Amino acid sequence: MMAVKVDTVIDGKRVITKKPELLAPAGNLEKLKVAVHYGADAVFIGGREYGLRSNADNFSLEEMAEGVQFANKYGARIYVTTNIYAHNENLDGLEEYLQGLQEAGVAGIIVADPLIIETCRRVAPKLEVHLSTQQSLSNWKAVEFWKEEGLERVVLARETGAEEIREMKEKVDIEIEAFIHGAMCIAYSGRCVLSNHMTARDSNRGGCCQSCRWDYDLYQMDQGENEVALFNEEDAPFAMSPKDLNLIQSIPKMIELGIDSLKVEGRMKSIHYVATVVSVYRKVIDAYCADPENFIIKQEWLDELDKCANRETAPAFFEGVPGHKEQMFGNHSKKTTYDFVGLVLEYNEDTQIVTLQQRNHFKPGDEVEFFGPEIENFTQVVGTIWDEKGNELDAARHPLQIVKFKVDKPVFPYNMMRKGI
């Protein structure tokens, strides 16, 4: 067995030297830039072929190259999902696509199908190959198999527990990536076909309709094959969706296990979601690695996570097999407490005027909150609002409208403004 050493002692203080990669999602170029700006070490994106989020904006090869150039300035890496299970009609153009990813400067691909793995090794050998969670990887012998196949990293099934990961790290010298935040699947990772059956949209080729989150009524068949309702009219409809994953409390344990990459799910989420979640986990990882012996989870971090749009959350399988309390049967509650209302474009320190791109309705008199990696969160009451031509407005109500108003403290491009709801 091999020991996983993650720390050292500097000036008598224990410090974590093996800091995990923080891996963020991006459904388009704007989200990629936000993820990197807010502290992601790497970003995973989807191209217009071979990925599992066909409804996301997704990237052309030209946009990927631009994203890589932006990420390189920050020392960040870009991975591309090519994790469908390919059918015959998916084969045409595969070699050219993989070569295009390599030429764009992408660091690696996330892949499930052995055909795509072998093709990539042959035609685009500079690309790292990371095994997708679609392969449902959850034991160390399977990890060893993919190591022997030449893969650099494996992305574990969401159903893998802490002790299973410990054994993997001890027995196999390979990078391990694990999910820390985002949606969970009611089925075993990569094995759901509900969408295929109910809508003919292939869940393993990017078409999942999330049928597990639909509302259902429950019946049973009696002796005469008649439907007998198992619900009352006043009952909440039944759904079978798990709560979203939230492992902020488990980050210290994940770092100590030597997990190489901590992954946030959500390529179809908003830039506000990406910025909020990435910035919180960035702070948690950095704080623990700097001083693990005196680390505590701050309440402000937990409160911050609740400010972005998400459903109820749970630690899922990492801390043990979840029970019924970790599911959302008959419950679609969301914990959204803030609206994202503006993206900072520039700030004039002499006049204290911010130029902002409107993302949601706000008006004079509203109390708003600014946040970003360069500033501490602060609140501000909105005063007079002007448009680009200097006309006074009674509200910022038009999507993507450019507006200006006075802000007491300096803010920076890509800082965000939100308000409570």
# chains A, B, ... in the order shown; residues from 1 in each chain; ligands from 1
>>> select_by_dssp(residues="stretch 108-310 of chain A", states="strand (DSSP E or B)", output="ChimeraX atom specification")
/A:108-111,128-131,153-155,175-182,216,219-221,227-229,238,242,244-246,261-264
>>> write_last_selection(atoms="N, CA, C and O atoms", output="CSV table (one decimal), in the first residue's frame")
chain,number,residue,atom,x,y,z
A,108,GLY,N,-7.6,18.4,-21.3
A,108,GLY,CA,-8.0,17.0,-21.3
A,108,GLY,C,-9.5,16.8,-21.6
A,108,GLY,O,-10.2,17.8,-21.7
A,109,ILE,N,-9.9,15.6,-21.8
A,109,ILE,CA,-11.3,15.3,-22.0
A,109,ILE,C,-11.8,14.4,-20.9
A,109,ILE,O,-11.1,13.6,-20.3
A,110,ILE,N,-13.1,14.5,-20.6
A,110,ILE,CA,-13.8,13.6,-19.7
A,110,ILE,C,-14.7,12.6,-20.5
A,110,ILE,O,-15.6,13.1,-21.2
A,111,VAL,N,-14.4,11.3,-20.3
A,111,VAL,CA,-15.0,10.4,-21.3
A,111,VAL,C,-15.4,9.1,-20.6
A,111,VAL,O,-14.8,8.7,-19.6
A,128,GLU,N,-5.1,14.8,-22.0
A,128,GLU,CA,-5.3,13.9,-20.9
A,128,GLU,C,-6.7,13.3,-21.0
A,128,GLU,O,-7.6,13.9,-21.6
A,129,VAL,N,-6.8,12.0,-20.5
A,129,VAL,CA,-8.1,11.4,-20.6
A,129,VAL,C,-8.5,11.1,-19.2
A,129,VAL,O,-7.8,10.4,-18.4
A,130,HIS,N,-9.7,11.7,-18.8
A,130,HIS,CA,-10.3,11.5,-17.5
A,130,HIS,C,-11.5,10.6,-17.6
A,130,HIS,O,-12.4,10.9,-18.4
A,131,LEU,N,-11.6,9.6,-16.8
A,131,LEU,CA,-12.8,8.7,-16.9
A,131,LEU,C,-14.0,9.4,-16.3
A,131,LEU,O,-14.0,9.9,-15.2
A,153,ARG,N,-6.8,10.2,-14.8
A,153,ARG,CA,-7.7,10.6,-13.7
A,153,ARG,C,-9.0,9.8,-13.9
A,153,ARG,O,-9.4,9.5,-15.0
A,154,VAL,N,-9.6,9.5,-12.8
A,154,VAL,CA,-10.9,8.9,-12.8
A,154,VAL,C,-11.9,9.8,-12.0
A,154,VAL,O,-11.5,10.3,-10.9
A,155,VAL,N,-13.1,10.0,-12.5
A,155,VAL,CA,-14.1,10.7,-11.8
A,155,VAL,C,-15.1,9.7,-11.2
A,155,VAL,O,-15.6,8.9,-11.9
A,175,GLU,N,-4.9,10.0,-10.2
A,175,GLU,CA,-5.7,11.2,-9.8
A,175,GLU,C,-7.2,10.8,-9.6
A,175,GLU,O,-7.7,10.1,-10.5
A,176,ILE,N,-7.8,11.3,-8.5
A,176,ILE,CA,-9.2,11.0,-8.3
A,176,ILE,C,-9.9,12.3,-8.2
A,176,ILE,O,-9.5,13.3,-7.5
A,177,GLU,N,-11.1,12.4,-8.9
A,177,GLU,CA,-11.9,13.5,-8.9
A,177,GLU,C,-13.3,13.1,-8.3
A,177,GLU,O,-13.8,12.1,-8.6
A,178,ALA,N,-13.8,14.0,-7.4
A,178,ALA,CA,-15.1,13.7,-6.7
A,178,ALA,C,-15.9,14.9,-6.7
A,178,ALA,O,-15.5,16.0,-6.5
A,179,PHE,N,-17.2,14.7,-6.8
A,179,PHE,CA,-18.2,15.8,-6.7
A,179,PHE,C,-18.3,16.3,-5.3
A,179,PHE,O,-18.3,15.5,-4.3
A,180,ILE,N,-18.5,17.6,-5.2
A,180,ILE,CA,-18.7,18.2,-3.9
A,180,ILE,C,-20.0,19.1,-3.8
A,180,ILE,O,-20.5,19.4,-2.7
A,181,HIS,N,-20.6,19.4,-4.9
A,181,HIS,CA,-21.7,20.3,-4.9
A,181,HIS,C,-22.5,20.2,-6.2
A,181,HIS,O,-21.9,20.2,-7.3
A,182,GLY,N,-23.8,20.2,-6.1
A,182,GLY,CA,-24.7,20.2,-7.2
A,182,GLY,C,-25.7,19.1,-7.2
A,182,GLY,O,-26.0,18.4,-6.2
A,216,TYR,N,-45.7,12.8,-9.7
A,216,TYR,CA,-46.4,11.5,-10.0
A,216,TYR,C,-47.5,11.3,-9.0
A,216,TYR,O,-47.4,11.7,-7.9
A,219,TYR,N,-50.5,4.6,-7.8
A,219,TYR,CA,-51.6,3.7,-7.9
A,219,TYR,C,-51.1,2.2,-7.7
A,219,TYR,O,-49.9,2.0,-7.8
A,220,GLN,N,-52.0,1.3,-7.3
A,220,GLN,CA,-51.7,-0.1,-7.4
A,220,GLN,C,-52.8,-0.8,-8.2
A,220,GLN,O,-53.9,-0.2,-8.3
A,221,MET,N,-52.6,-1.9,-8.7
A,221,MET,CA,-53.6,-2.7,-9.5
A,221,MET,C,-54.3,-3.7,-8.5
A,221,MET,O,-53.6,-4.4,-7.8
A,227,GLU,N,-57.0,0.3,-11.5
A,227,GLU,CA,-56.1,1.2,-10.7
A,227,GLU,C,-56.8,1.6,-9.4
A,227,GLU,O,-57.9,2.1,-9.5
A,228,VAL,N,-56.1,1.5,-8.3
A,228,VAL,CA,-56.5,1.9,-7.0
A,228,VAL,C,-55.6,3.0,-6.6
A,228,VAL,O,-54.4,2.8,-6.4
A,229,ALA,N,-56.1,4.2,-6.3
A,229,ALA,CA,-55.3,5.3,-5.9
A,229,ALA,C,-54.7,5.1,-4.5
A,229,ALA,O,-55.4,4.7,-3.6
A,238,PHE,N,-46.1,13.1,-5.8
A,238,PHE,CA,-44.9,12.3,-5.5
A,238,PHE,C,-43.8,12.6,-6.5
A,238,PHE,O,-44.1,12.6,-7.7
A,242,PRO,N,-33.5,13.2,-5.4
A,242,PRO,CA,-32.7,13.4,-4.2
A,242,PRO,C,-32.4,14.9,-4.0
A,242,PRO,O,-32.5,15.7,-4.9
A,244,ASP,N,-30.0,18.1,-3.5
A,244,ASP,CA,-28.7,18.4,-4.1
A,244,ASP,C,-27.6,18.1,-3.2
A,244,ASP,O,-27.7,18.2,-1.9
A,245,LEU,N,-26.4,17.9,-3.7
A,245,LEU,CA,-25.2,17.5,-3.0
A,245,LEU,C,-24.6,18.8,-2.4
A,245,LEU,O,-24.5,19.8,-3.1
A,246,ASN,N,-24.2,18.7,-1.2
A,246,ASN,CA,-23.5,19.8,-0.5
A,246,ASN,C,-22.5,19.2,0.5
A,246,ASN,O,-22.9,18.7,1.5
A,261,SER,N,-9.1,16.4,-7.2
A,261,SER,CA,-10.0,17.4,-7.8
A,261,SER,C,-11.3,17.3,-7.1
A,261,SER,O,-12.0,16.3,-7.0
A,262,LEU,N,-11.8,18.5,-6.7
A,262,LEU,CA,-13.1,18.7,-6.1
A,262,LEU,C,-14.0,19.4,-7.1
A,262,LEU,O,-13.8,20.5,-7.5
A,263,LYS,N,-15.1,18.7,-7.5
A,263,LYS,CA,-15.9,19.1,-8.6
A,263,LYS,C,-17.3,19.7,-8.3
A,263,LYS,O,-18.0,19.0,-7.5
A,264,VAL,N,-17.6,20.9,-8.8
A,264,VAL,CA,-18.9,21.5,-8.6
A,264,VAL,C,-19.7,21.2,-9.9
A,264,VAL,O,-19.2,21.3,-11.0
>>> residues_around(residues="A:Ala124", least_positions_apart="6", cutoff="12 Å", atoms="only C-alpha atoms", output="list in words")
Leu94, Glu95, Glu96, Tyr97, Leu98, Gln99, Gly100, Leu101, Gln102, Glu103, Ala104, Gly105, Val106, Ala107, Gly108, Ile109, Ile116, Ile117 and Glu118 of chain A
>>> write_last_selection(atoms="C-alpha atoms", output="compact mmCIF listing (two decimals), in the first residue's frame")
# COMPACT_ATOMS: atom_id res chain seq x y z
CA LEU A 94 -15.01 11.98 -33.96
CA GLU A 95 -11.35 11.98 -34.96
CA GLU A 96 -11.50 15.51 -36.38
CA TYR A 97 -13.33 16.74 -33.27
CA LEU A 98 -10.73 15.33 -30.87
CA GLN A 99 -7.93 16.78 -32.98
CA GLY A 100 -9.71 20.13 -32.84
CA LEU A 101 -9.82 19.97 -29.04
CA GLN A 102 -6.09 19.31 -28.95
CA GLU A 103 -5.38 22.20 -31.30
CA ALA A 104 -7.55 24.52 -29.18
CA GLY A 105 -5.21 23.89 -26.23
CA VAL A 106 -7.66 21.96 -24.07
CA ALA A 107 -5.91 20.11 -21.22
CA GLY A 108 -8.03 16.98 -21.30
CA ILE A 109 -11.33 15.26 -22.01
CA ILE A 116 -13.61 7.57 -27.60
CA ILE A 117 -10.75 6.78 -25.17
CA GLU A 118 -8.91 4.67 -27.76
>>> residues_around(residues="A:Glu167", least_positions_apart="3", cutoff="10 Å", atoms="only C-alpha atoms", output="MDAnalysis selection string")
chainID A and resid 1:2 139:140 162:164 170:172 257
>>> select_by_dssp(residues="stretch 246-386 of chain A", states="alpha helix (DSSP H)", output="count of residues only")
33
>>> atom_distance(atom1="atom CA of A:Ala35", atom2="atom CA of A:Arg267")
10.8 Å
>>> residues_around(residues="stretch 295-303 of chain A", least_positions_apart="6", cutoff="10 Å", atoms="only C-alpha atoms", output="VMD selection string")
chain A and resid 248 to 252 276 to 277 279 to 281 283 to 284 287 to 289
>>> write_last_selection(atoms="C-alpha atoms", output="PDB file, in the first residue's frame")
ATOM      1  CA  ILE A 248     -18.814  21.957   2.404  1.00  0.00           C
ATOM      2  CA  GLN A 249     -18.579  20.389   5.880  1.00  0.00           C
ATOM      3  CA  SER A 250     -16.624  17.440   4.445  1.00  0.00           C
ATOM      4  CA  ILE A 251     -13.950  19.404   2.566  1.00  0.00           C
ATOM      5  CA  PRO A 252     -11.310  18.906   5.317  1.00  0.00           C
ATOM      6  CA  THR A 276     -21.138  32.133  -5.394  1.00  0.00           C
ATOM      7  CA  VAL A 277     -20.380  28.428  -5.092  1.00  0.00           C
ATOM      8  CA  SER A 279     -15.928  31.616  -4.224  1.00  0.00           C
ATOM      9  CA  VAL A 280     -17.167  29.835  -1.088  1.00  0.00           C
ATOM     10  CA  TYR A 281     -15.337  26.571  -1.780  1.00  0.00           C
ATOM     11  CA  LYS A 283     -12.227  30.144   0.719  1.00  0.00           C
ATOM     12  CA  VAL A 284     -12.838  26.830   2.493  1.00  0.00           C
ATOM     13  CA  ALA A 287      -8.342  28.330   4.792  1.00  0.00           C
ATOM     14  CA  TYR A 288      -8.042  24.648   5.656  1.00  0.00           C
ATOM     15  CA  CYS A 289      -4.803  24.152   3.743  1.00  0.00           C
TER      16      CYS A 289
END
>>> closest_residue(among="A:Arg397, A:Lys31, A:Arg418, A:Lys307", to="A:Gly342", atoms="only C-alpha atoms")
A:Arg418
>>> atom_distance(atom1="atom CA of A:Asn348", atom2="atom CA of A:Val34")
21.6 Å
>>> atom_distance(atom1="atom CA of A:Glu89", atom2="atom CA of A:Met184")
29.3 Å
>>> residues_around(residues="A:Thr199", least_positions_apart="3", cutoff="9 Å", atoms="only C-alpha atoms", output="list in words")
Leu194, Ser195, Asn196, Asp202, Cys208, Cys209 and Ser211 of chain A
>>> closest_residue(among="A:Thr313, A:Thr119, A:Thr379, A:Thr8", to="A:Lys243", atoms="only C-alpha atoms")
A:Thr313
>>> residues_around(residues="A:Glu392", least_positions_apart="5", cutoff="12 Å", atoms="only C-alpha atoms", output="PyMOL selection string")
chain A and resi 363-364+383-387+403-405
>>> residues_around(residues="A:Gly12", least_positions_apart="3", cutoff="12 Å", atoms="only C-alpha atoms", output="VMD selection string")
chain A and resid 8 to 9 15 291 293
>>> write_last_selection(atoms="all heavy atoms", output="PDB file, in the first residue's frame")
ATOM      1  N   THR A   8       2.909  19.019   5.456  1.00  0.00           N
ATOM      2  CA  THR A   8       4.265  19.176   5.957  1.00  0.00           C
ATOM      3  C   THR A   8       4.204  20.132   7.138  1.00  0.00           C
ATOM      4  O   THR A   8       3.138  20.697   7.442  1.00  0.00           O
ATOM      5  CB  THR A   8       5.210  19.727   4.859  1.00  0.00           C
ATOM      6  OG1 THR A   8       6.551  19.635   5.314  1.00  0.00           O
ATOM      7  CG2 THR A   8       4.887  21.189   4.539  1.00  0.00           C
ATOM      8  N   VAL A   9       5.332  20.336   7.813  1.00  0.00           N
ATOM      9  CA  VAL A   9       5.390  21.269   8.936  1.00  0.00           C
ATOM     10  C   VAL A   9       6.311  22.419   8.555  1.00  0.00           C
ATOM     11  O   VAL A   9       7.459  22.210   8.155  1.00  0.00           O
ATOM     12  CB  VAL A   9       5.897  20.575  10.216  1.00  0.00           C
ATOM     13  CG1 VAL A   9       6.048  21.588  11.348  1.00  0.00           C
ATOM     14  CG2 VAL A   9       4.932  19.471  10.631  1.00  0.00           C
ATOM     15  N   VAL A  15       0.912  22.442   7.631  1.00  0.00           N
ATOM     16  CA  VAL A  15       0.362  23.084   6.434  1.00  0.00           C
ATOM     17  C   VAL A  15       0.066  21.995   5.405  1.00  0.00           C
ATOM     18  O   VAL A  15       0.841  21.049   5.253  1.00  0.00           O
ATOM     19  CB  VAL A  15       1.352  24.119   5.850  1.00  0.00           C
ATOM     20  CG1 VAL A  15       0.815  24.697   4.545  1.00  0.00           C
ATOM     21  CG2 VAL A  15       1.613  25.234   6.854  1.00  0.00           C
ATOM     22  N   ASP A 291      -4.098  26.385   7.519  1.00  0.00           N
ATOM     23  CA  ASP A 291      -4.012  26.154   8.967  1.00  0.00           C
ATOM     24  C   ASP A 291      -5.034  25.093   9.383  1.00  0.00           C
ATOM     25  O   ASP A 291      -6.043  25.400  10.009  1.00  0.00           O
ATOM     26  CB  ASP A 291      -4.263  27.466   9.724  1.00  0.00           C
ATOM     27  CG  ASP A 291      -3.943  27.347  11.206  1.00  0.00           C
ATOM     28  OD1 ASP A 291      -3.431  26.290  11.645  1.00  0.00           O
ATOM     29  OD2 ASP A 291      -4.198  28.327  11.937  1.00  0.00           O
ATOM     30  N   GLU A 293      -5.079  22.822  11.633  1.00  0.00           N
ATOM     31  CA  GLU A 293      -5.284  22.539  13.062  1.00  0.00           C
ATOM     32  C   GLU A 293      -6.272  23.506  13.713  1.00  0.00           C
ATOM     33  O   GLU A 293      -6.895  23.171  14.719  1.00  0.00           O
ATOM     34  CB  GLU A 293      -3.941  22.586  13.804  1.00  0.00           C
ATOM     35  CG  GLU A 293      -2.889  21.636  13.230  1.00  0.00           C
ATOM     36  CD  GLU A 293      -3.346  20.192  13.193  1.00  0.00           C
ATOM     37  OE1 GLU A 293      -4.116  19.793  14.086  1.00  0.00           O
ATOM     38  OE2 GLU A 293      -2.956  19.461  12.261  1.00  0.00           O
TER      39      GLU A 293
END
>>> closest_residue(among="A:Ala275, A:Leu137, A:Ala76, A:Leu345", to="A:Pro373", atoms="only C-alpha atoms")
A:Ala275
>>> closest_residue(among="A:Gly161, A:Gly258, A:Pro237, A:Gly266", to="A:Pro322", atoms="only C-alpha atoms")
A:Gly161
>>> decode(residues="stretch 191-202 of chain A", atoms="all heavy atoms", output="PDB file, in the first residue's frame")
ATOM      1  N   ARG A 191     -26.590   5.376 -15.049  1.00  0.00           N
ATOM      2  CA  ARG A 191     -27.390   4.185 -15.360  1.00  0.00           C
ATOM      3  C   ARG A 191     -28.873   4.471 -15.582  1.00  0.00           C
ATOM      4  O   ARG A 191     -29.655   3.541 -15.733  1.00  0.00           O
ATOM      5  CB  ARG A 191     -27.233   3.162 -14.230  1.00  0.00           C
ATOM      6  CG  ARG A 191     -25.805   2.707 -13.974  1.00  0.00           C
ATOM      7  CD  ARG A 191     -25.197   2.062 -15.205  1.00  0.00           C
ATOM      8  NE  ARG A 191     -23.779   1.799 -15.051  1.00  0.00           N
ATOM      9  CZ  ARG A 191     -23.269   0.654 -14.632  1.00  0.00           C
ATOM     10  NH1 ARG A 191     -24.071  -0.332 -14.308  1.00  0.00           N
ATOM     11  NH2 ARG A 191     -21.960   0.497 -14.551  1.00  0.00           N
ATOM     12  N   CYS A 192     -29.292   5.717 -15.606  1.00  0.00           N
ATOM     13  CA  CYS A 192     -30.716   6.015 -15.713  1.00  0.00           C
ATOM     14  C   CYS A 192     -31.190   5.952 -17.157  1.00  0.00           C
ATOM     15  O   CYS A 192     -30.530   6.469 -18.056  1.00  0.00           O
ATOM     16  CB  CYS A 192     -31.009   7.402 -15.141  1.00  0.00           C
ATOM     17  SG  CYS A 192     -32.769   7.803 -15.143  1.00  0.00           S
ATOM     18  N   VAL A 193     -32.351   5.326 -17.373  1.00  0.00           N
ATOM     19  CA  VAL A 193     -32.970   5.313 -18.703  1.00  0.00           C
ATOM     20  C   VAL A 193     -34.437   5.756 -18.619  1.00  0.00           C
ATOM     21  O   VAL A 193     -35.215   5.518 -19.539  1.00  0.00           O
ATOM     22  CB  VAL A 193     -32.870   3.924 -19.371  1.00  0.00           C
ATOM     23  CG1 VAL A 193     -31.427   3.606 -19.722  1.00  0.00           C
ATOM     24  CG2 VAL A 193     -33.448   2.828 -18.481  1.00  0.00           C
ATOM     25  N   LEU A 194     -34.828   6.407 -17.516  1.00  0.00           N
ATOM     26  CA  LEU A 194     -36.204   6.893 -17.410  1.00  0.00           C
ATOM     27  C   LEU A 194     -36.539   7.838 -18.550  1.00  0.00           C
ATOM     28  O   LEU A 194     -37.606   7.772 -19.150  1.00  0.00           O
ATOM     29  CB  LEU A 194     -36.403   7.617 -16.070  1.00  0.00           C
ATOM     30  CG  LEU A 194     -36.698   6.774 -14.834  1.00  0.00           C
ATOM     31  CD1 LEU A 194     -36.801   7.687 -13.620  1.00  0.00           C
ATOM     32  CD2 LEU A 194     -37.974   5.975 -15.012  1.00  0.00           C
ATOM     33  N   SER A 195     -35.624   8.770 -18.823  1.00  0.00           N
ATOM     34  CA  SER A 195     -35.857   9.744 -19.880  1.00  0.00           C
ATOM     35  C   SER A 195     -36.040   9.056 -21.232  1.00  0.00           C
ATOM     36  O   SER A 195     -36.919   9.422 -22.017  1.00  0.00           O
ATOM     37  CB  SER A 195     -34.687  10.730 -19.938  1.00  0.00           C
ATOM     38  OG  SER A 195     -34.852  11.663 -20.975  1.00  0.00           O
ATOM     39  N   ASN A 196     -35.213   8.040 -21.491  1.00  0.00           N
ATOM     40  CA  ASN A 196     -35.337   7.291 -22.747  1.00  0.00           C
ATOM     41  C   ASN A 196     -36.719   6.668 -22.865  1.00  0.00           C
ATOM     42  O   ASN A 196     -37.366   6.737 -23.910  1.00  0.00           O
ATOM     43  CB  ASN A 196     -34.291   6.168 -22.818  1.00  0.00           C
ATOM     44  CG  ASN A 196     -32.875   6.637 -22.560  1.00  0.00           C
ATOM     45  OD1 ASN A 196     -32.598   7.263 -21.550  1.00  0.00           O
ATOM     46  ND2 ASN A 196     -31.967   6.322 -23.471  1.00  0.00           N
ATOM     47  N   HIS A 197     -37.169   6.046 -21.774  1.00  0.00           N
ATOM     48  CA  HIS A 197     -38.432   5.311 -21.793  1.00  0.00           C
ATOM     49  C   HIS A 197     -39.631   6.247 -21.929  1.00  0.00           C
ATOM     50  O   HIS A 197     -40.592   5.944 -22.649  1.00  0.00           O
ATOM     51  CB  HIS A 197     -38.567   4.496 -20.506  1.00  0.00           C
ATOM     52  CG  HIS A 197     -39.875   3.800 -20.345  1.00  0.00           C
ATOM     53  ND1 HIS A 197     -40.254   2.733 -21.141  1.00  0.00           N
ATOM     54  CD2 HIS A 197     -40.908   4.023 -19.492  1.00  0.00           C
ATOM     55  CE1 HIS A 197     -41.465   2.329 -20.773  1.00  0.00           C
ATOM     56  NE2 HIS A 197     -41.879   3.098 -19.782  1.00  0.00           N
ATOM     57  N   MET A 198     -39.574   7.398 -21.255  1.00  0.00           N
ATOM     58  CA  MET A 198     -40.756   8.247 -21.145  1.00  0.00           C
ATOM     59  C   MET A 198     -40.840   9.311 -22.235  1.00  0.00           C
ATOM     60  O   MET A 198     -41.942   9.776 -22.559  1.00  0.00           O
ATOM     61  CB  MET A 198     -40.787   8.900 -19.763  1.00  0.00           C
ATOM     62  CG  MET A 198     -40.815   7.875 -18.636  1.00  0.00           C
ATOM     63  SD  MET A 198     -40.713   8.602 -16.991  1.00  0.00           S
ATOM     64  CE  MET A 198     -42.375   9.219 -16.798  1.00  0.00           C
ATOM     65  N   THR A 199     -39.698   9.695 -22.801  1.00  0.00           N
ATOM     66  CA  THR A 199     -39.724  10.787 -23.787  1.00  0.00           C
ATOM     67  C   THR A 199     -38.886  10.496 -25.023  1.00  0.00           C
ATOM     68  O   THR A 199     -38.801  11.350 -25.914  1.00  0.00           O
ATOM     69  CB  THR A 199     -39.199  12.100 -23.162  1.00  0.00           C
ATOM     70  OG1 THR A 199     -37.809  11.962 -22.859  1.00  0.00           O
ATOM     71  CG2 THR A 199     -39.972  12.468 -21.905  1.00  0.00           C
ATOM     72  N   ALA A 200     -38.237   9.331 -25.068  1.00  0.00           N
ATOM     73  CA  ALA A 200     -37.337   8.972 -26.173  1.00  0.00           C
ATOM     74  C   ALA A 200     -36.159   9.935 -26.270  1.00  0.00           C
ATOM     75  O   ALA A 200     -35.549  10.065 -27.327  1.00  0.00           O
ATOM     76  CB  ALA A 200     -38.090   8.909 -27.506  1.00  0.00           C
ATOM     77  N   ARG A 201     -35.831  10.601 -25.145  1.00  0.00           N
ATOM     78  CA  ARG A 201     -34.644  11.446 -25.087  1.00  0.00           C
ATOM     79  C   ARG A 201     -33.577  10.694 -24.297  1.00  0.00           C
ATOM     80  O   ARG A 201     -33.780  10.344 -23.130  1.00  0.00           O
ATOM     81  CB  ARG A 201     -34.961  12.800 -24.427  1.00  0.00           C
ATOM     82  CG  ARG A 201     -35.788  13.706 -25.313  1.00  0.00           C
ATOM     83  CD  ARG A 201     -36.319  14.918 -24.580  1.00  0.00           C
ATOM     84  NE  ARG A 201     -35.278  15.636 -23.863  1.00  0.00           N
ATOM     85  CZ  ARG A 201     -35.511  16.746 -23.149  1.00  0.00           C
ATOM     86  NH1 ARG A 201     -36.747  17.241 -23.084  1.00  0.00           N
ATOM     87  NH2 ARG A 201     -34.530  17.350 -22.521  1.00  0.00           N
ATOM     88  N   ASP A 202     -32.454  10.441 -24.923  1.00  0.00           N
ATOM     89  CA  ASP A 202     -31.434   9.552 -24.371  1.00  0.00           C
ATOM     90  C   ASP A 202     -30.649  10.247 -23.267  1.00  0.00           C
ATOM     91  O   ASP A 202     -29.903  11.199 -23.505  1.00  0.00           O
ATOM     92  CB  ASP A 202     -30.485   9.108 -25.499  1.00  0.00           C
ATOM     93  CG  ASP A 202     -29.606   7.941 -25.088  1.00  0.00           C
ATOM     94  OD1 ASP A 202     -29.393   7.761 -23.869  1.00  0.00           O
ATOM     95  OD2 ASP A 202     -29.124   7.210 -25.968  1.00  0.00           O
TER      96      ASP A 202
END
